[in-house]
Each structure stands twice: as C-alpha cells, then as structure tokens.
$ cat upload_11.json   # JSON, C-alpha atoms
[["chain", "number", "residue", "atom", "x", "y", "z"],
["A", 1, "MET", "CA", 161.12, 152.91, 76.00],
["A", 2, "THR", "CA", 164.26, 151.58, 74.35],
["A", 3, "GLY", "CA", 164.68, 148.31, 72.50],
["A", 4, "ASN", "CA", 166.19, 146.73, 75.63],
["A", 5, "ASP", "CA", 163.28, 147.53, 77.95],
["A", 6, "ALA", "CA", 160.81, 144.76, 78.65],
["A", 7, "ALA", "CA", 157.17, 145.55, 78.12],
["A", 8, "PRO", "CA", 155.44, 146.42, 81.38],
["A", 9, "GLU", "CA", 153.37, 143.63, 82.82],
["A", 10, "GLY", "CA", 149.64, 144.17, 82.69],
["A", 11, "PRO", "CA", 147.17, 143.15, 85.35],
["A", 12, "ARG", "CA", 147.08, 139.47, 86.07],
["A", 13, "LEU", "CA", 143.82, 137.65, 85.91],
["A", 14, "VAL", "CA", 143.06, 135.56, 88.93],
["A", 15, "ALA", "CA", 140.46, 132.81, 88.85],
["A", 16, "ILE", "CA", 137.96, 133.29, 91.64],
["A", 17, "PRO", "CA", 136.60, 129.99, 92.94],
["A", 18, "THR", "CA", 132.90, 129.56, 92.45],
["A", 19, "TYR", "CA", 130.42, 127.90, 94.76],
["A", 20, "ARG", "CA", 131.01, 124.48, 93.18],
["A", 21, "ASP", "CA", 134.83, 124.87, 93.26],
["A", 22, "ARG", "CA", 135.09, 125.56, 96.97],
["A", 23, "PRO", "CA", 135.93, 122.67, 99.25],
["A", 24, "ALA", "CA", 132.74, 121.46, 100.89],
["A", 25, "ARG", "CA", 132.48, 122.73, 104.44],
["A", 26, "ARG", "CA", 129.82, 120.77, 106.26],
["A", 27, "PRO", "CA", 127.41, 122.57, 108.57],
["A", 28, "GLN", "CA", 127.79, 121.53, 112.19],
["A", 29, "PRO", "CA", 125.16, 121.25, 114.92],
["A", 30, "PHE", "CA", 125.50, 123.22, 118.15],
["A", 31, "ASP", "CA", 123.76, 123.77, 121.47],
["A", 32, "GLY", "CA", 122.72, 127.00, 123.13],
["A", 33, "VAL", "CA", 119.85, 128.68, 124.92],
["A", 34, "ASP", "CA", 117.04, 130.99, 123.88],
["A", 35, "VAL", "CA", 116.69, 134.51, 125.32],
["A", 36, "GLU", "CA", 114.79, 133.06, 128.28],
["A", 37, "GLY", "CA", 117.59, 130.60, 129.09],
["A", 38, "ARG", "CA", 115.87, 127.45, 127.79],
["A", 39, "PRO", "CA", 118.19, 124.90, 126.14],
["A", 40, "ILE", "CA", 118.11, 124.67, 122.33],
["A", 41, "HIS", "CA", 119.84, 122.30, 119.93],
["A", 42, "CYS", "CA", 120.42, 123.59, 116.39],
["A", 43, "SER", "CA", 121.04, 121.03, 113.68],
["A", 44, "PRO", "CA", 121.34, 123.13, 110.50],
["A", 45, "LEU", "CA", 120.65, 120.24, 108.13],
["A", 46, "SER", "CA", 117.50, 118.96, 109.81],
["A", 47, "GLY", "CA", 114.05, 120.37, 109.96],
["A", 48, "GLY", "CA", 112.66, 123.32, 108.15],
["A", 49, "ALA", "CA", 111.16, 123.43, 104.70],
["A", 50, "CYS", "CA", 113.58, 126.09, 103.48],
["A", 51, "ARG", "CA", 116.54, 125.17, 101.28],
["A", 52, "TRP", "CA", 118.70, 127.94, 102.74],
["A", 53, "LEU", "CA", 119.55, 128.62, 106.39],
["A", 54, "LEU", "CA", 121.24, 131.89, 107.27],
["A", 55, "LEU", "CA", 123.11, 132.03, 110.57],
["A", 56, "VAL", "CA", 123.75, 135.67, 111.49],
["A", 57, "PHE", "CA", 126.26, 136.17, 114.30],
["A", 58, "LEU", "CA", 125.52, 139.42, 116.14],
["A", 59, "SER", "CA", 126.28, 141.11, 119.44],
["A", 60, "SER", "CA", 124.13, 143.49, 121.45],
["A", 61, "ASP", "CA", 126.97, 146.00, 121.84],
["A", 62, "CYS", "CA", 128.34, 145.90, 118.27],
["A", 63, "GLN", "CA", 128.02, 149.12, 116.24],
["A", 64, "GLY", "CA", 128.42, 147.19, 112.98],
["A", 65, "CYS", "CA", 125.46, 145.00, 113.96],
["A", 66, "VAL", "CA", 122.88, 147.77, 114.41],
["A", 67, "ASP", "CA", 121.53, 147.69, 110.81],
["A", 68, "LEU", "CA", 121.43, 143.90, 110.85],
["A", 69, "TRP", "CA", 119.44, 143.77, 114.09],
["A", 70, "ARG", "CA", 117.00, 146.32, 112.66],
["A", 71, "GLY", "CA", 116.70, 145.07, 109.10],
["A", 72, "LEU", "CA", 117.07, 141.31, 109.14],
["A", 73, "GLY", "CA", 113.35, 140.62, 109.53],
["A", 74, "ASP", "CA", 112.51, 142.95, 106.63],
["A", 75, "LEU", "CA", 115.24, 141.42, 104.45],
["A", 76, "LEU", "CA", 113.75, 137.97, 104.97],
["A", 77, "LEU", "CA", 110.29, 139.26, 104.01],
["A", 78, "THR", "CA", 111.63, 140.52, 100.67],
["A", 79, "GLU", "CA", 113.37, 137.21, 99.87],
["A", 80, "ASP", "CA", 111.46, 134.27, 98.49],
["A", 81, "ARG", "CA", 110.41, 131.75, 101.10],
["A", 82, "SER", "CA", 113.34, 129.41, 100.49],
["A", 83, "ILE", "CA", 115.48, 131.10, 103.15],
["A", 84, "SER", "CA", 115.17, 131.13, 106.91],
["A", 85, "ALA", "CA", 117.44, 132.77, 109.44],
["A", 86, "VAL", "CA", 118.67, 132.33, 112.98],
["A", 87, "ILE", "CA", 120.47, 135.04, 114.92],
["A", 88, "VAL", "CA", 123.35, 133.65, 116.96],
["A", 89, "THR", "CA", 124.81, 135.65, 119.85],
["A", 90, "HIS", "CA", 127.36, 134.79, 122.47],
["A", 91, "GLY", "CA", 125.95, 132.93, 125.45],
["A", 92, "PRO", "CA", 124.42, 134.54, 128.56],
["A", 93, "ARG", "CA", 127.85, 134.69, 130.17],
["A", 94, "PHE", "CA", 128.78, 137.43, 127.68],
["A", 95, "GLU", "CA", 125.41, 138.79, 126.51],
["A", 96, "ALA", "CA", 122.47, 140.08, 128.53],
["A", 97, "CYS", "CA", 119.39, 138.04, 127.62],
["A", 98, "GLU", "CA", 117.17, 141.10, 128.03],
["A", 99, "ALA", "CA", 119.26, 143.21, 125.63],
["A", 100, "VAL", "CA", 119.26, 140.46, 123.01],
["A", 101, "ALA", "CA", 115.49, 139.94, 123.36],
["A", 102, "ARG", "CA", 114.90, 143.69, 122.95],
["A", 103, "LEU", "CA", 117.01, 143.85, 119.75],
["A", 104, "ALA", "CA", 115.81, 140.65, 118.07],
["A", 105, "PRO", "CA", 113.30, 140.96, 115.22],
["A", 106, "PRO", "CA", 110.02, 139.29, 116.25],
["A", 107, "ASP", "CA", 110.03, 136.59, 113.54],
["A", 108, "VAL", "CA", 113.71, 135.59, 113.69],
["A", 109, "PRO", "CA", 114.74, 132.99, 116.28],
["A", 110, "VAL", "CA", 117.76, 133.70, 118.49],
["A", 111, "ILE", "CA", 120.20, 131.16, 119.88],
["A", 112, "MET", "CA", 122.74, 132.28, 122.45],
["A", 113, "SER", "CA", 125.67, 129.92, 122.01],
["A", 114, "GLU", "CA", 129.43, 130.00, 122.55],
["A", 115, "ALA", "CA", 129.65, 126.63, 120.81],
["A", 116, "ALA", "CA", 128.29, 128.04, 117.53],
["A", 117, "TRP", "CA", 130.99, 130.72, 117.42],
["A", 118, "GLN", "CA", 133.65, 128.05, 117.93],
["A", 119, "VAL", "CA", 132.19, 125.51, 115.48],
["A", 120, "TYR", "CA", 131.97, 128.08, 112.67],
["A", 121, "GLY", "CA", 135.25, 129.82, 113.54],
["A", 122, "VAL", "CA", 133.62, 133.19, 114.07],
["A", 123, "LEU", "CA", 136.06, 135.71, 115.53],
["A", 124, "GLY", "CA", 133.78, 138.71, 115.81],
["A", 125, "ALA", "CA", 130.41, 140.21, 114.99],
["A", 126, "PRO", "CA", 128.84, 140.79, 112.59],
["A", 127, "PHE", "CA", 129.38, 137.59, 110.61],
["A", 128, "TYR", "CA", 127.08, 135.38, 108.54],
["A", 129, "VAL", "CA", 127.07, 131.77, 107.35],
["A", 130, "LEU", "CA", 124.69, 130.71, 104.57],
["A", 131, "ILE", "CA", 123.96, 126.99, 104.54],
["A", 132, "ASP", "CA", 122.62, 125.17, 101.48],
["A", 133, "ARG", "CA", 120.61, 122.34, 102.98],
["A", 134, "ASN", "CA", 120.14, 120.61, 99.60],
["A", 135, "GLU", "CA", 123.89, 120.44, 98.96],
["A", 136, "ARG", "CA", 124.61, 119.92, 102.69],
["A", 137, "ARG", "CA", 127.36, 122.55, 102.74],
["A", 138, "VAL", "CA", 128.23, 126.09, 103.69],
["A", 139, "ALA", "CA", 127.49, 128.13, 100.56],
["A", 140, "THR", "CA", 129.09, 131.40, 101.64],
["A", 141, "GLU", "CA", 130.19, 133.17, 104.79],
["A", 142, "GLY", "CA", 131.83, 136.40, 105.77],
["A", 143, "VAL", "CA", 131.73, 139.78, 107.39],
["A", 144, "PRO", "CA", 128.79, 141.70, 105.93],
["A", 145, "VAL", "CA", 129.20, 145.26, 104.72],
["A", 146, "GLY", "CA", 125.82, 146.28, 106.05],
["A", 147, "LEU", "CA", 122.51, 144.63, 105.31],
["A", 148, "GLY", "CA", 122.79, 145.33, 101.57],
["A", 149, "GLY", "CA", 126.23, 143.76, 101.36],
["A", 150, "MET", "CA", 125.03, 140.61, 103.08],
["A", 151, "ALA", "CA", 121.95, 140.42, 100.84],
["A", 152, "ALA", "CA", 124.15, 140.74, 97.73],
["A", 153, "ALA", "CA", 126.52, 137.98, 98.92],
["A", 154, "ILE", "CA", 123.57, 135.70, 99.66],
["A", 155, "ASP", "CA", 122.06, 136.39, 96.22],
["A", 156, "ARG", "CA", 125.39, 135.59, 94.51],
["A", 157, "ALA", "CA", 125.78, 132.29, 96.41],
["A", 158, "ARG", "CA", 122.20, 131.27, 95.68],
["A", 159, "ASP", "CA", 122.59, 132.16, 92.01],
["A", 160, "GLU", "CA", 125.83, 130.13, 91.74],
["A", 161, "ALA", "CA", 124.13, 127.15, 93.37],
["A", 162, "THR", "CA", 121.15, 127.37, 91.05],
["A", 163, "HIS", "CA", 122.84, 128.24, 87.76],
["A", 164, "GLY", "CA", 126.37, 126.93, 88.30]]

$ encode --input "upload_11.json" --output "structure tokens"
Amino acid sequence: MTGNDAAPEGPRLVAIPTYRDRPARRPQPFDGVDVEGRPIHCSPLSGGACRWLLLVFLSSDCQGCVDLWRGLGDLLLTEDRSISAVIVTHGPRFEACEAVARLAPPDVPVIMSEAAWQVYGVLGAPFYVLIDRNERRVATEGVPVGLGGMAAAIDRARDEATHG
C-alpha cells in the first residue's frame, strides 16, 4: 500500500429492523372450507385464548412441506400454551381433501382457502405467518427452513415482542 492508496473499506453494519420497528401489518380474516368441504370463516384476531396464532401454508404435493406436515403437532406440544396453529392449504379446486386430511396432524385445524393465500400474499408453500393477537399485527412471516428454522423464527419474534 502506498501513501496514495485509500484504506480498504471494511464491512458495513446494517441495522436490522426489530419487531417494534416494522410497519404494522394487520391480520386479515378469510373464508375457506374444512377437509370435509364445510364452510369456515377465520378471523385471526377473534376467539382463542392464545396470544399467538401461527398460520402455516402447506401443500399436499410439496417436498419442502413434508417435515412441517409431520412435525407441526409435536412442535406445538413443546411450545408453551400461548400459541395455536392453523394449517392453510389451497382450496379443493387445487388440493384433494382426502390427501390433506391424511397429512394433517390430528390436533391442528386445517382450512382450505384460496382467499388466505391472496390476503397474506403467499406465493408458494411452505410459508408461515405468526400473528400477535395482543398487538393485533403480523409478528413475523417467511419461508421456513424446515421445522427447526420456523421454530427459531417464531421464538425470535416472540422474544422481541416480550422483551423489546
């Protein structure tokens, strides 16, 4: 390095927005059907004693969804009781009700709904949306890197909401 050379630039630090810094995205209600074709209305901010609602968008023919179909029920058992989940698939026009019913964990409700995918801007499965009912906002969302990756993202969002 000569006297005329500028010092190389080091890595730049980038501020990552926290839960509180993100613009509030309000959860939206949607309609669908259960795996037997009965109409269901989902209003994420009403009902339920749990603070957190996890919408997990899955498909019956998605390779990246296999671990989530298998492990979601167990994941919820290991969490404290402040979180509940709903699996959201495409509607019966695109998903076979029988296949979805066969894959669904016994204690996790399923809503088959095209409207939900549109309302939450979901482009493909798997995808999750964690709703903080107390704050009335979407806490985090994204494409999970397996069940462990989704659990870690949920834990981070819940920790940010609790501890700032």

$ residues_around --input "upload_11.json" --residues "A:Leu54" --least-positions-apart "3" --cutoff "9 Å" --atoms "all atoms listed in the file" --output "PyMOL selection string"
chain A and resi 83-87+128-132+154

$ residues_around --input "upload_11.json" --residues "stretch 30-39 of chain A" --least-positions-apart "3" --cutoff "9 Å" --atoms "all atoms listed in the file" --output "list in words"
Cys42, Ser43, Pro44, Gly91, Pro92, Ala96, Cys97, Glu98, Val100, Ala101, Pro109, Val110, Ile111, Met112, Ser113, Glu114, Ala115, Ala116 and Val119 of chain A

$ write_last_selection --input "upload_11.json" --atoms "C-alpha atoms" --output "PDB file, keeping the file's coordinate frame"
ATOM      1  CA  CYS A  42     120.420 123.590 116.390  1.00  0.00           C
ATOM      2  CA  SER A  43     121.040 121.030 113.680  1.00  0.00           C
ATOM      3  CA  PRO A  44     121.340 123.130 110.500  1.00  0.00           C
ATOM      4  CA  GLY A  91     125.950 132.930 125.450  1.00  0.00           C
ATOM      5  CA  PRO A  92     124.420 134.540 128.560  1.00  0.00           C
ATOM      6  CA  ALA A  96     122.470 140.080 128.530  1.00  0.00           C
ATOM      7  CA  CYS A  97     119.390 138.040 127.620  1.00  0.00           C
ATOM      8  CA  GLU A  98     117.170 141.100 128.030  1.00  0.00           C
ATOM      9  CA  VAL A 100     119.260 140.460 123.010  1.00  0.00           C
ATOM     10  CA  ALA A 101     115.490 139.940 123.360  1.00  0.00           C
ATOM     11  CA  PRO A 109     114.740 132.990 116.280  1.00  0.00           C
ATOM     12  CA  VAL A 110     117.760 133.700 118.490  1.00  0.00           C
ATOM     13  CA  ILE A 111     120.200 131.160 119.880  1.00  0.00           C
ATOM     14  CA  MET A 112     122.740 132.280 122.450  1.00  0.00           C
ATOM     15  CA  SER A 113     125.670 129.920 122.010  1.00  0.00           C
ATOM     16  CA  GLU A 114     129.430 130.000 122.550  1.00  0.00           C
ATOM     17  CA  ALA A 115     129.650 126.630 120.810  1.00  0.00           C
ATOM     18  CA  ALA A 116     128.290 128.040 117.530  1.00  0.00           C
ATOM     19  CA  VAL A 119     132.190 125.510 115.480  1.00  0.00           C
TER      20      VAL A 119
END

$ closest_residue --input "upload_11.json" --among "A:Gly148, A:Gly48, A:Gly142, A:Pro27" --to "A:Leu72" --atoms "all atoms listed in the file"
A:Gly148

$ atom_distance --input "upload_11.json" --atom1 "atom CA of A:Arg156" --atom2 "atom CA of A:Ser60"
28.1 Å

$ closest_residue --input "upload_11.json" --among "A:Tyr120, A:Trp69, A:Phe57, A:Trp52" --to "A:Asn134" --atoms "only C-alpha atoms"
A:Trp52

$ closest_residue --input "upload_11.json" --among "A:Leu55, A:Ala151, A:His41, A:Asp61" --to "A:Ala99" --atoms "all atoms listed in the file"
A:Asp61

$ atom_distance --input "upload_11.json" --atom1 "atom CA of A:Ala24" --atom2 "atom CA of A:Gly149"
23.2 Å

$ atom_distance --input "upload_11.json" --atom1 "atom CA of A:Cys65" --atom2 "atom CA of A:Gly146"
8.0 Å

$ closest_residue --input "upload_11.json" --among "A:Val88, A:Val66, A:Trp117, A:Leu53" --to "A:Val145" --atoms "only C-alpha atoms"
A:Val66

$ residues_near_point --input "upload_11.json" --point "(113.7, 125.2, 99.6)" --cutoff "6 Å" --atoms "only C-alpha atoms" --output "JSON, numbers by chain"
{"A": [49, 50, 51, 82]}

$ closest_residue --input "upload_11.json" --among "A:Pro106, A:Pro126, A:Gly121, A:Gly71" --to "A:Leu147" --atoms "all atoms listed in the file"
A:Gly71

$ closest_residue --input "upload_11.json" --among "A:Asp67, A:Pro29, A:Arg102, A:Leu45" --to "A:Arg136" --atoms "all atoms listed in the file"
A:Leu45

$ build_atoms --input "upload_11.json" --residues "stretch 40-65 of chain A" --atoms "N, CA and C atoms" --output "compact mmCIF listing (two decimals), keeping the file's coordinate frame"
# COMPACT_ATOMS: atom_id res chain seq x y z
N ILE A 40 118.48 124.86 123.73
CA ILE A 40 118.11 124.67 122.33
C ILE A 40 119.24 123.90 121.65
N HIS A 41 118.86 122.98 120.78
CA HIS A 41 119.84 122.30 119.93
C HIS A 41 119.55 122.73 118.49
N CYS A 42 120.58 123.18 117.79
CA CYS A 42 120.42 123.59 116.39
C CYS A 42 121.19 122.61 115.51
N SER A 43 120.46 121.94 114.66
CA SER A 43 121.04 121.03 113.68
C SER A 43 120.70 121.61 112.31
N PRO A 44 121.64 122.37 111.71
CA PRO A 44 121.34 123.13 110.50
C PRO A 44 120.82 122.32 109.31
N LEU A 45 121.09 121.03 109.28
CA LEU A 45 120.65 120.24 108.13
C LEU A 45 119.33 119.55 108.35
N SER A 46 118.79 119.62 109.57
CA SER A 46 117.50 118.96 109.81
C SER A 46 116.41 119.98 110.02
N GLY A 47 115.22 119.53 109.73
CA GLY A 47 114.05 120.37 109.96
C GLY A 47 113.98 121.54 109.02
N GLY A 48 112.86 122.14 108.98
CA GLY A 48 112.66 123.32 108.15
C GLY A 48 112.43 122.97 106.70
N ALA A 49 111.50 123.66 106.10
CA ALA A 49 111.16 123.43 104.70
C ALA A 49 112.03 124.26 103.77
N CYS A 50 112.78 125.19 104.30
CA CYS A 50 113.58 126.09 103.48
C CYS A 50 114.89 125.43 103.04
N ARG A 51 115.26 125.69 101.78
CA ARG A 51 116.54 125.17 101.28
C ARG A 51 117.71 125.85 101.97
N TRP A 52 117.58 127.13 102.24
CA TRP A 52 118.70 127.94 102.74
C TRP A 52 118.49 128.29 104.20
N LEU A 53 119.56 128.18 105.00
CA LEU A 53 119.55 128.62 106.39
C LEU A 53 120.66 129.64 106.56
N LEU A 54 120.29 130.80 107.04
CA LEU A 54 121.24 131.89 107.27
C LEU A 54 121.49 132.03 108.76
N LEU A 55 122.72 131.77 109.19
CA LEU A 55 123.11 132.03 110.57
C LEU A 55 123.76 133.41 110.60
N VAL A 56 123.23 134.30 111.41
CA VAL A 56 123.75 135.67 111.49
C VAL A 56 124.29 135.87 112.90
N PHE A 57 125.59 136.01 113.02
CA PHE A 57 126.26 136.17 114.30
C PHE A 57 126.32 137.66 114.65
N LEU A 58 125.63 138.02 115.72
CA LEU A 58 125.52 139.42 116.14
C LEU A 58 125.84 139.56 117.62
N SER A 59 126.06 140.80 118.03
CA SER A 59 126.28 141.11 119.44
C SER A 59 125.43 142.34 119.80
N SER A 60 124.99 142.38 121.02
CA SER A 60 124.13 143.49 121.45
C SER A 60 124.88 144.81 121.57
N ASP A 61 126.21 144.76 121.68
CA ASP A 61 126.97 146.00 121.84
C ASP A 61 127.88 146.30 120.64
N CYS A 62 127.54 145.76 119.48
CA CYS A 62 128.34 145.90 118.27
C CYS A 62 127.75 146.98 117.38
N GLN A 63 128.51 148.04 117.10
CA GLN A 63 128.02 149.12 116.24
C GLN A 63 127.77 148.64 114.81
N GLY A 64 128.60 147.73 114.32
CA GLY A 64 128.42 147.19 112.98
C GLY A 64 127.22 146.27 112.84
N CYS A 65 126.61 145.92 113.97
CA CYS A 65 125.46 145.00 113.96
C CYS A 65 124.12 145.73 113.95
